[in-house]
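Student: Before we start, here is the structure in question, set down as structure tokens.
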Amino acid sequence: MRIVLLHMPWGAIDVPSLALGILHTAAARAGHEVEVRYANLDFVDWAAETAGFGVDDYEYFSEKSYFQGAGDWAFAGALYGDGDGDPAPGFPESADSERYFEYLATNGASEQEMALTRATRAIAPEFIARLVEELAADPPDLVGFTTTFQQNTASLAAARLLKQRCPQVRTVFGGANCDGPQGAALHRNFPFLDYVVRGEGEAAFPALLAGGDLAAVPGLCWRDESGKSTVNEMSTRPLPPAAILAPRYDGFYERLDTSVAAGWVDPKLVLEGSRGCWWGEKHHCTFCGLNGSSMEFRSKPPADFLAEVLTLAERHQLLDVYVVDNILDMGYFDTVLKSLAELPVDLRLHFEIKANLRRHQFQLLGDSGAAQVQPGIENLSTRVLKIMDKGVTGCQNVRALRDAQSAGVSVTWNYLYGFPGEQPDDYESVIRQLPVLHHLDPPTGAGRIAIERFSPYFDRPELGFAITRPAFQYRATYRLPESELAQLAYVFTAPPRGIGGELAERLGAAVDTWLARFPDSRLTYREAGGRIVLVNTRPGYDWRVVELTDPVEIAAFRLLGQPRSPATLAAKLPGGAAAVEPVLERFTALGLLFHDGDSYLQVAVESDNQVLMRMRHRHGPAAVRPRGPRTETETEEVLDAVPIG
């Protein structure tokens with residue numbers, strides 16, 4: 001059988017599709033002829049030439065507008081036949097686009113972004129028509145689509161037109177947008193889809209290709225002789241680790257090299273070592289729907305995963321590796337990471353981790369090549385983190401930021417709010433302290449949580465959210481009844497909870513300030529000859545170099561490397577309780593401490609770390625440059641002059 005697997009806009013353009021890479025392996029093992037076509041890159045090249053599309057334009061749809069649905073709305077006209085002279089039968093006229101743009105504006109879209117969305121919708125039908133004509137010129141037996149995030153309508157549009165041009169070609173959907181009820185709704189409402197694979201595809205896809213009893217394929221949606229949608233029950237047993245296949249990425253990097261996108265992005269490998277979430281099995285974070293219907297944690301044997309990483313890195317001559325696991329297997333520290341740290345390779349890895357790792361674990365991540373981690377920090381208030389069921393404290397999250405930077409590992413994270421039961425002081429206290437943290441990796445932004453399918457907030461209204469209906473973008477995009485949208489949607493609308501708009505705006509402004517000041521802010525320390533030397537360039541503090549020489553202060557600084565209460569400090573410090581208050585007052589005045597509830601933590605980064613290599617990101621005068629008599633170079637010279645030992 002000849003198979004074409006399509007990766008449609010708005011799939012990421014710097015990495016191949018992991019899902020299609022795995023299905024390529026599965027189908028090729030079964031003896032089928034497989035081509036993976038990166039139609040997202042086809043779109044980039046076509047739109048860049050015909051409409052002046054640039055990287056920022058593509059990333060608006062692929063990364064920035066998911067919760068507003070701009071990428072799916074942009075291809076909805078192509079799906080429903082608007083402008084191609086071949087409207088999809090049985091669907092009503094277009095929804096009111098002006099209401100959708102009011103929705104975008106309310107959610108922060110700029111005039112430029114809204115104009116881009118309109119312009120992209122206008123050109124999308126032509127791209128779909130060109131793509132389908134190329135496929136129809138030599139039609140394969142089967143075309144498979146992977147759909148995740150904002151790939152739904154582009155994939156549906158191509159599948160609809162392909163089925164009209166070539167009725168004999170079988171069309172198959174799979175991916176995260178097809179999990180559970182979503183996949184059944186897609187199959188039920190779009191009759192040009194022959195099959196929808198729900199859940200893990202390594203077993204279902206080859207079984208579908210083999211023919212036989214379709215009713216025996218777990219999770220499959222298929223049509224009987226009358227065309228009626230039939231939905232098989234999903235498997236209750238996830239794939240064992242040995243059945244999780246390694247991907248094949250033949251052709252992607254060669255295709256990227258010929259694309260205009262080669263000048264926009266650096267190519268990366270994308271791999272997985274595990275599926276599910278070992279923390280979520282015990283404590284499902286209340287807002288998280290990422291694992292869909294399969295939370296059970298499974299990881300590949302360490303030797304197998306290590307071999308997969310090294311083999312693909314050598315085959316494709318790439319060092320940047322994005323590991324998409326929802327959470328890193330803790331067993332990989334003494335196996336995979338230790339081996340990578342000892343090998344003469346210079347990989348640059350990305351992992352998702354839990355934030356309560358200790359300093360030596362961050363060091364091993366750094367030594368193994370982990371250039372970036374995503375610890376799921378999400379908030380710095382212990383009260384809010386308990387509501388989220390994150391299993392960490394605010395001080396532990398700050399410790400993660402500090403220790404990761406000490407190990408030379410960058411951190412990416414978002415600040416989330418809007419949880420039932422949170423209080424204004426959970427944010428007021430953090431906002432007051434953010435200038436203390438300006439030298440640590442800032443969040444990419446602050447945002448109110450969305451209600452996601454498969455999350456506890458979606459499944460359990462008693463936790464605080466009364467789900468009312470799918471988010472507005474689904475009504476603006478799909479011409480379906482509300483009852484069907486409720487099955488198709490992933491994001492839902494509910495009355496906001498937690499802090500109000502004014503405080504949320506202040507939090508957002510404080511995070512923006514953090515982002516602006518981070519490039520010029522440092523707080524580092526070095527132990528030298530029985531003293532501790534601290535160097536500061538944070539704009540909120542006007543000192544540059546401070547030496548701790550008092551034995552009580554030195555002992556307190558060392559103890560505060562971990563979160564401590566005043567009572568714990570009093571039990572361990574020379575001088576007892578009488579020594580604690582003056583030390584905490586002095587350290588607080590210097591901006592050395594973050595406190596949350598009854599816990600305090602020192603926030604200075606070890607000076608022997610890669611961040612000291614960070615270059616200024618400013619050009620010309622900066623409004624937030626550090627105050628004081630020394631320049632940044634002079635400050636570093638002071639630190640370099642401190643004797644060791």
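The way I read the labels, and the way they are meant: chains A, B, ... in the order of the structure tokens, residue 1 as the first residue of every chain, and ligand 1 as the first ligand shown, with later ones counted on from there.
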Need the shell around Gly597 in chain A: protein/DNA/RNA residues with any atom at most 9 Å away, counting only C-alpha atoms. Skip same-chain ones fewer than 3 positions apart. Format as a VMD selection string?

Tutor: chain A and resid 381 to 383 394 565 600

Student: Would you write out, as JSON lines, a table of all residues in range 238-317 of chain A that have an atom no more than 10 Å from an atom of range 328-332 of chain A, listing for each the closest atom pair and the distance in Å to one decimal, considering only C-alpha atoms and ordering rows by chain and rising residue number?

Tutor:
```
{"residue": "A:Glu272", "atom": "CA", "partner": "A:Leu328", "partner_atom": "CA", "distance": 9.8}
{"residue": "A:Gly273", "atom": "CA", "partner": "A:Asp329", "partner_atom": "CA", "distance": 8.0}
{"residue": "A:Ser274", "atom": "CA", "partner": "A:Asp329", "partner_atom": "CA", "distance": 7.3}
{"residue": "A:Arg275", "atom": "CA", "partner": "A:Leu328", "partner_atom": "CA", "distance": 9.7}
{"residue": "A:Cys277", "atom": "CA", "partner": "A:Leu328", "partner_atom": "CA", "distance": 8.6}
{"residue": "A:Trp278", "atom": "CA", "partner": "A:Asp329", "partner_atom": "CA", "distance": 8.0}
{"residue": "A:Phe297", "atom": "CA", "partner": "A:Asp329", "partner_atom": "CA", "distance": 8.9}
{"residue": "A:Arg298", "atom": "CA", "partner": "A:Asp329", "partner_atom": "CA", "distance": 8.8}
{"residue": "A:Ser299", "atom": "CA", "partner": "A:Asp329", "partner_atom": "CA", "distance": 6.9}
{"residue": "A:Lys300", "atom": "CA", "partner": "A:Asp329", "partner_atom": "CA", "distance": 9.4}
{"residue": "A:Pro301", "atom": "CA", "partner": "A:Tyr332", "partner_atom": "CA", "distance": 9.1}
{"residue": "A:Pro302", "atom": "CA", "partner": "A:Tyr332", "partner_atom": "CA", "distance": 6.4}
{"residue": "A:Ala303", "atom": "CA", "partner": "A:Tyr332", "partner_atom": "CA", "distance": 9.7}
{"residue": "A:Phe305", "atom": "CA", "partner": "A:Tyr332", "partner_atom": "CA", "distance": 9.5}
{"residue": "A:Leu306", "atom": "CA", "partner": "A:Tyr332", "partner_atom": "CA", "distance": 9.5}
```

Student: With DSSP run on the backbone, what are the helix (DSSP H, G or I) residues within range 64-153 of chain A? I'd like them as number ranges by chain.

Tutor: A: 64, 66-68, 70-79, 97-106, 111-137, 152-153

Student: Keeping N, CA and C atoms for every residue in the selection just given, could you write it to a file as a compact mmCIF listing (two decimals), in the first residue's frame?

Tutor:
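Full text of out-v3.txt as output:
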```
# COMPACT_ATOMS: atom_id res chain seq x y z
N LYS A 64 1.28 31.30 19.46
CA LYS A 64 0.79 32.37 20.33
C LYS A 64 -0.73 32.45 20.45
N TYR A 66 -3.14 29.87 20.29
CA TYR A 66 -3.88 28.61 20.42
C TYR A 66 -5.18 28.80 21.20
N PHE A 67 -5.14 29.48 22.33
CA PHE A 67 -6.32 29.60 23.18
C PHE A 67 -7.36 30.57 22.61
N GLN A 68 -7.03 31.25 21.52
CA GLN A 68 -8.00 32.07 20.81
C GLN A 68 -8.40 31.43 19.48
N ALA A 70 -6.96 31.27 16.48
CA ALA A 70 -6.79 32.01 15.23
C ALA A 70 -6.33 31.11 14.09
N GLY A 71 -5.48 30.12 14.38
CA GLY A 71 -4.99 29.24 13.33
C GLY A 71 -6.08 28.39 12.72
N ASP A 72 -6.95 27.86 13.55
CA ASP A 72 -8.07 27.07 13.02
C ASP A 72 -9.08 27.95 12.29
N TRP A 73 -9.35 29.13 12.81
CA TRP A 73 -10.29 30.03 12.14
C TRP A 73 -9.77 30.41 10.75
N ALA A 74 -8.45 30.58 10.64
CA ALA A 74 -7.88 31.01 9.36
C ALA A 74 -8.10 29.98 8.25
N PHE A 75 -8.20 28.69 8.59
CA PHE A 75 -8.43 27.66 7.58
C PHE A 75 -9.88 27.20 7.53
N ALA A 76 -10.75 27.79 8.34
CA ALA A 76 -12.14 27.35 8.35
C ALA A 76 -12.84 27.66 7.03
N GLY A 77 -12.49 28.76 6.38
CA GLY A 77 -13.08 29.07 5.09
C GLY A 77 -12.73 28.03 4.04
N ALA A 78 -11.49 27.53 4.10
CA ALA A 78 -11.09 26.47 3.18
C ALA A 78 -11.83 25.18 3.49
N LEU A 79 -12.08 24.91 4.76
CA LEU A 79 -12.83 23.72 5.14
C LEU A 79 -14.25 23.75 4.59
N SER A 97 -18.03 36.78 11.49
CA SER A 97 -16.60 36.97 11.72
C SER A 97 -16.32 38.18 12.59
N GLU A 98 -17.19 39.18 12.53
CA GLU A 98 -16.93 40.38 13.33
C GLU A 98 -16.97 40.07 14.81
N ARG A 99 -17.88 39.20 15.21
CA ARG A 99 -17.92 38.81 16.62
C ARG A 99 -16.63 38.08 17.01
N TYR A 100 -16.09 37.32 16.07
CA TYR A 100 -14.84 36.63 16.38
C TYR A 100 -13.70 37.63 16.58
N PHE A 101 -13.67 38.67 15.78
CA PHE A 101 -12.59 39.65 15.94
C PHE A 101 -12.78 40.49 17.19
N GLU A 102 -14.01 40.68 17.60
CA GLU A 102 -14.23 41.30 18.91
C GLU A 102 -13.65 40.41 20.01
N TYR A 103 -13.84 39.11 19.84
CA TYR A 103 -13.30 38.14 20.80
C TYR A 103 -11.76 38.19 20.80
N LEU A 104 -11.15 38.22 19.62
CA LEU A 104 -9.69 38.33 19.56
C LEU A 104 -9.19 39.59 20.23
N ALA A 105 -9.84 40.71 19.96
CA ALA A 105 -9.41 41.98 20.55
C ALA A 105 -9.52 41.93 22.07
N THR A 106 -10.61 41.34 22.56
CA THR A 106 -10.79 41.23 24.00
C THR A 106 -9.70 40.39 24.63
N GLU A 111 -4.14 44.96 16.29
CA GLU A 111 -4.72 45.21 14.97
C GLU A 111 -3.94 44.49 13.88
N GLN A 112 -2.62 44.46 14.03
CA GLN A 112 -1.78 43.78 13.04
C GLN A 112 -2.08 42.28 13.03
N GLU A 113 -2.23 41.68 14.21
CA GLU A 113 -2.52 40.25 14.29
C GLU A 113 -3.90 39.92 13.72
N MET A 114 -4.85 40.80 13.96
CA MET A 114 -6.19 40.55 13.41
C MET A 114 -6.19 40.70 11.89
N ALA A 115 -5.43 41.68 11.39
CA ALA A 115 -5.32 41.83 9.93
C ALA A 115 -4.63 40.61 9.32
N LEU A 116 -3.62 40.09 9.99
CA LEU A 116 -2.93 38.89 9.53
C LEU A 116 -3.90 37.71 9.47
N THR A 117 -4.75 37.58 10.49
CA THR A 117 -5.70 36.47 10.53
C THR A 117 -6.69 36.55 9.37
N ARG A 118 -7.18 37.75 9.10
CA ARG A 118 -8.10 37.93 7.95
C ARG A 118 -7.39 37.58 6.64
N ALA A 119 -6.19 38.09 6.48
CA ALA A 119 -5.46 37.88 5.22
C ALA A 119 -5.14 36.40 5.02
N THR A 120 -4.81 35.71 6.09
CA THR A 120 -4.48 34.29 5.97
C THR A 120 -5.71 33.47 5.60
N ARG A 121 -6.85 33.81 6.19
CA ARG A 121 -8.08 33.11 5.81
C ARG A 121 -8.38 33.31 4.33
N ALA A 122 -8.06 34.48 3.80
CA ALA A 122 -8.35 34.75 2.39
C ALA A 122 -7.50 33.91 1.45
N ILE A 123 -6.26 33.60 1.84
CA ILE A 123 -5.39 32.85 0.94
C ILE A 123 -5.40 31.34 1.20
N ALA A 124 -5.94 30.92 2.35
CA ALA A 124 -5.89 29.51 2.72
C ALA A 124 -6.53 28.59 1.68
N PRO A 125 -7.71 28.92 1.10
CA PRO A 125 -8.32 28.00 0.12
C PRO A 125 -7.42 27.71 -1.07
N GLU A 126 -6.68 28.71 -1.52
CA GLU A 126 -5.80 28.47 -2.67
C GLU A 126 -4.69 27.50 -2.31
N PHE A 127 -4.14 27.63 -1.11
CA PHE A 127 -3.10 26.69 -0.71
C PHE A 127 -3.64 25.26 -0.65
N ILE A 128 -4.81 25.08 -0.04
CA ILE A 128 -5.40 23.75 0.06
C ILE A 128 -5.65 23.18 -1.33
N ALA A 129 -6.15 24.01 -2.24
CA ALA A 129 -6.42 23.53 -3.60
C ALA A 129 -5.14 23.08 -4.30
N ARG A 130 -4.06 23.85 -4.14
CA ARG A 130 -2.79 23.49 -4.77
C ARG A 130 -2.25 22.18 -4.19
N LEU A 131 -2.33 22.04 -2.86
CA LEU A 131 -1.84 20.83 -2.21
C LEU A 131 -2.61 19.60 -2.69
N VAL A 132 -3.93 19.72 -2.75
CA VAL A 132 -4.75 18.58 -3.14
C VAL A 132 -4.53 18.22 -4.61
N GLU A 133 -4.35 19.22 -5.46
CA GLU A 133 -4.09 18.93 -6.86
C GLU A 133 -2.79 18.14 -7.02
N GLU A 134 -1.79 18.48 -6.23
CA GLU A 134 -0.53 17.74 -6.30
C GLU A 134 -0.71 16.30 -5.83
N LEU A 135 -1.50 16.09 -4.78
CA LEU A 135 -1.76 14.74 -4.31
C LEU A 135 -2.59 13.95 -5.32
N ALA A 136 -3.57 14.63 -5.92
CA ALA A 136 -4.47 13.96 -6.86
C ALA A 136 -3.77 13.59 -8.17
N ALA A 137 -2.67 14.25 -8.48
CA ALA A 137 -1.95 13.94 -9.72
C ALA A 137 -1.41 12.51 -9.71
N ASN A 152 -6.42 21.29 13.11
CA ASN A 152 -7.68 20.63 12.78
C ASN A 152 -8.25 21.09 11.44
N THR A 153 -8.50 22.38 11.29
CA THR A 153 -9.24 22.82 10.11
C THR A 153 -8.41 22.72 8.84
```

Student: Which value, in Å to one decimal, gives the distance between CA of Val580 in chain A and CA of Pro566 in chain A?

Tutor: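 According to the coordinates, CA of Val580 in chain A and CA of Pro566 in chain A are separated by 6.6 Å.
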
Student: For CA of Asp250 in chain A and CA of Leu340 in chain A, quote the distance in Å rounded to one decimal.

Tutor: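 Answer for the CA of Asp250 in chain A to CA of Leu340 in chain A separation: 24.9 Å.
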
Student: Find the residues of range 282-374 of chain A that sit at most 10 Å from range 12-29 of chain A; for each, write down the nearest two atoms and how far apart they are in Å, to one decimal. Count only C-alpha atoms. Sort by chain, then by number going up, and give it as CSV.

Tutor:
```
residue,atom,partner,partner_atom,distance
A:Val321,CA,A:Val15,CA,9.4
A:Tyr322,CA,A:Val15,CA,8.6
A:Val324,CA,A:Leu18,CA,9.2
```

Student: Please produce an output containing N, CA, C and O atoms for each residue in the selection, written as a PDB file, in the first residue's frame.

Tutor:
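File written: result23.pdb
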```
ATOM      1  N   VAL A 321      18.180  18.566  20.855  1.00  0.00           N
ATOM      2  CA  VAL A 321      17.226  17.468  21.030  1.00  0.00           C
ATOM      3  C   VAL A 321      16.125  17.928  21.984  1.00  0.00           C
ATOM      4  O   VAL A 321      16.392  18.258  23.141  1.00  0.00           O
ATOM      5  N   TYR A 322      14.894  17.927  21.486  1.00  0.00           N
ATOM      6  CA  TYR A 322      13.735  18.309  22.295  1.00  0.00           C
ATOM      7  C   TYR A 322      13.039  17.030  22.743  1.00  0.00           C
ATOM      8  O   TYR A 322      12.488  16.290  21.925  1.00  0.00           O
ATOM      9  N   VAL A 324      10.012  15.388  24.536  1.00  0.00           N
ATOM     10  CA  VAL A 324       8.657  15.880  24.759  1.00  0.00           C
ATOM     11  C   VAL A 324       7.943  15.207  25.922  1.00  0.00           C
ATOM     12  O   VAL A 324       6.755  15.452  26.138  1.00  0.00           O
TER      13      VAL A 324
END
```

Student: Of the candidates A:Lys338, A:His438, A:His32, A:Arg237, which shows the shortest atom-to-atom distance to Asp512 in chain A, using only C-alpha atoms?

Tutor: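 Checking each candidate against Asp512 in chain A, we get A:His438 as the closest.
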
Student: Work out how far CA of Gly540 in chain A is from CA of Trp514 in chain A, in Å to one decimal.

Tutor: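 Those two atoms sit 10.9 Å apart.
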
Student: Just checking: using only C-alpha atoms, which residue out of A:Leu142, A:Gly591, A:Leu186, A:Pro191 ends up closest to Gln168 in chain A?

Tutor: A:Leu142

Student: Just checking: using only C-alpha atoms, which residue out of A:Leu214, A:Leu245, A:Val345, A:Ala556 ends up closest to Thr568 in chain A?

Tutor: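 Checking each candidate against Thr568 in chain A, we get A:Ala556 as the closest.
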
Student: May I ask which of the residues A:Gln423, A:Ser429, A:Ser62, A:Ser293 is the closest one to Met8 in chain A, counting only C-alpha atoms?

Tutor: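 Between A:Gln423, A:Ser429, A:Ser62, A:Ser293, the residue approaching Met8 in chain A most closely is A:Ser62.
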
Student: Write out as a compact mmCIF listing (two decimals) with N, CA, C and O atoms, in the first residue's frame all residues of range 228-465 of chain A that DSSP puts in strand (DSSP E) for this structure's backbone.

Tutor:
```txt
# COMPACT_ATOMS: atom_id res chain seq x y z
N SER A 229 -21.21 6.30 11.20
CA SER A 229 -20.02 6.28 12.04
C SER A 229 -20.15 5.23 13.14
O SER A 229 -21.13 5.19 13.87
N THR A 230 -19.13 4.38 13.24
CA THR A 230 -19.05 3.37 14.30
C THR A 230 -17.81 3.66 15.13
O THR A 230 -16.73 3.88 14.59
N VAL A 231 -17.98 3.64 16.44
CA VAL A 231 -16.90 4.05 17.35
C VAL A 231 -16.54 2.88 18.26
O VAL A 231 -17.37 2.45 19.09
N LEU A 269 16.02 17.82 16.76
CA LEU A 269 15.41 16.51 16.87
C LEU A 269 14.30 16.56 17.91
O LEU A 269 14.39 17.33 18.88
N VAL A 270 13.28 15.73 17.75
CA VAL A 270 12.24 15.62 18.77
C VAL A 270 12.07 14.14 19.08
O VAL A 270 11.93 13.31 18.18
N LEU A 271 12.13 13.80 20.38
CA LEU A 271 12.10 12.41 20.82
C LEU A 271 11.25 12.28 22.07
O LEU A 271 10.91 13.28 22.72
N SER A 274 9.31 8.68 27.41
CA SER A 274 8.22 8.14 28.22
C SER A 274 6.90 8.73 27.76
O SER A 274 6.86 9.69 27.00
N ARG A 275 5.82 8.14 28.25
CA ARG A 275 4.47 8.67 28.07
C ARG A 275 3.76 8.67 29.42
O ARG A 275 4.06 7.86 30.30
N ARG A 298 4.82 5.36 31.58
CA ARG A 298 5.64 4.29 31.04
C ARG A 298 6.88 4.92 30.43
O ARG A 298 6.78 5.93 29.74
N SER A 299 8.04 4.33 30.66
CA SER A 299 9.26 4.87 30.06
C SER A 299 10.05 3.76 29.39
O SER A 299 10.02 2.61 29.80
N ASP A 320 20.80 19.52 18.84
CA ASP A 320 19.66 20.04 19.61
C ASP A 320 18.56 18.98 19.65
O ASP A 320 18.05 18.57 18.60
N VAL A 321 18.18 18.57 20.85
CA VAL A 321 17.23 17.47 21.03
C VAL A 321 16.12 17.93 21.98
O VAL A 321 16.39 18.26 23.14
N TYR A 322 14.89 17.93 21.49
CA TYR A 322 13.74 18.31 22.29
C TYR A 322 13.04 17.03 22.74
O TYR A 322 12.49 16.29 21.92
N VAL A 323 13.08 16.76 24.04
CA VAL A 323 12.44 15.57 24.60
C VAL A 323 11.06 15.98 25.11
O VAL A 323 10.94 16.82 25.99
N ARG A 348 22.52 19.39 23.13
CA ARG A 348 21.76 20.44 23.81
C ARG A 348 20.33 19.94 23.94
O ARG A 348 19.58 19.91 22.96
N LEU A 349 19.97 19.54 25.15
CA LEU A 349 18.71 18.83 25.38
C LEU A 349 17.70 19.73 26.08
O LEU A 349 18.06 20.64 26.84
N HIS A 350 16.42 19.43 25.82
CA HIS A 350 15.31 20.06 26.54
C HIS A 350 14.52 18.96 27.23
O HIS A 350 14.15 17.96 26.61
N PHE A 351 14.27 19.13 28.54
CA PHE A 351 13.46 18.19 29.30
C PHE A 351 12.37 18.93 30.06
O PHE A 351 12.55 20.09 30.46
N GLU A 352 11.26 18.24 30.30
CA GLU A 352 10.28 18.71 31.27
C GLU A 352 10.49 17.93 32.56
O GLU A 352 10.61 16.70 32.53
N ALA A 370 21.67 19.24 29.12
CA ALA A 370 20.35 19.88 29.19
C ALA A 370 20.53 21.39 29.21
O ALA A 370 20.85 21.98 30.23
N ALA A 371 20.33 22.01 28.07
CA ALA A 371 20.46 23.46 27.98
C ALA A 371 19.22 24.16 28.51
O ALA A 371 19.29 25.32 28.93
N GLN A 372 18.09 23.48 28.50
CA GLN A 372 16.83 24.11 28.91
C GLN A 372 15.94 23.06 29.55
O GLN A 372 15.87 21.92 29.10
N VAL A 373 15.24 23.47 30.60
CA VAL A 373 14.25 22.61 31.24
C VAL A 373 12.96 23.39 31.42
O VAL A 373 12.96 24.62 31.48
N GLN A 374 11.87 22.64 31.50
CA GLN A 374 10.56 23.23 31.79
C GLN A 374 10.04 22.54 33.05
O GLN A 374 9.52 21.43 32.99
N SER A 410 18.95 26.79 31.49
CA SER A 410 17.88 27.78 31.37
C SER A 410 16.54 27.14 31.71
O SER A 410 16.33 25.95 31.51
N VAL A 411 15.62 27.98 32.19
CA VAL A 411 14.30 27.52 32.61
C VAL A 411 13.23 28.26 31.83
O VAL A 411 13.31 29.49 31.68
N TYR A 415 3.49 31.94 34.37
CA TYR A 415 2.85 32.26 35.64
C TYR A 415 1.34 32.19 35.44
O TYR A 415 0.78 32.94 34.64
N LEU A 416 0.68 31.28 36.14
CA LEU A 416 -0.75 31.06 35.98
C LEU A 416 -1.51 31.57 37.20
O LEU A 416 -1.02 31.49 38.32
N TYR A 417 -2.71 32.06 36.95
CA TYR A 417 -3.59 32.51 38.04
C TYR A 417 -5.03 32.20 37.65
O TYR A 417 -5.31 31.73 36.55
N ALA A 446 2.22 36.05 32.12
CA ALA A 446 1.25 35.68 33.15
C ALA A 446 -0.11 35.58 32.49
O ALA A 446 -0.49 36.44 31.68
N GLY A 447 -0.86 34.53 32.81
CA GLY A 447 -2.16 34.36 32.17
C GLY A 447 -3.14 33.61 33.04
O GLY A 447 -2.75 32.80 33.89
N ARG A 448 -4.42 33.89 32.83
CA ARG A 448 -5.48 33.18 33.54
C ARG A 448 -5.59 31.77 32.96
O ARG A 448 -5.47 31.57 31.75
N ILE A 451 -9.76 26.23 30.93
CA ILE A 451 -10.35 24.96 31.35
C ILE A 451 -10.18 23.97 30.20
O ILE A 451 -10.77 24.14 29.14
N GLU A 452 -9.36 22.95 30.42
CA GLU A 452 -9.00 22.00 29.38
C GLU A 452 -9.72 20.67 29.59
O GLU A 452 -9.85 20.19 30.72
```

Student: Do you know which residues are at most 10 Å from Ala466 in chain A counting only C-alpha atoms, after dropping those on the same chain fewer than 4 positions away, and could you put them as number ranges by chain?

Tutor: A: 457-458, 460-462, 493-496

Student: Restricting the calculation to only C-alpha atoms, which member of A:His284, A:Asp179, A:Phe190, A:Ala154 is positioned closest to Met234 in chain A?

Tutor: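 Ranked by minimum distance to Met234 in chain A, first place goes to A:Asp179.
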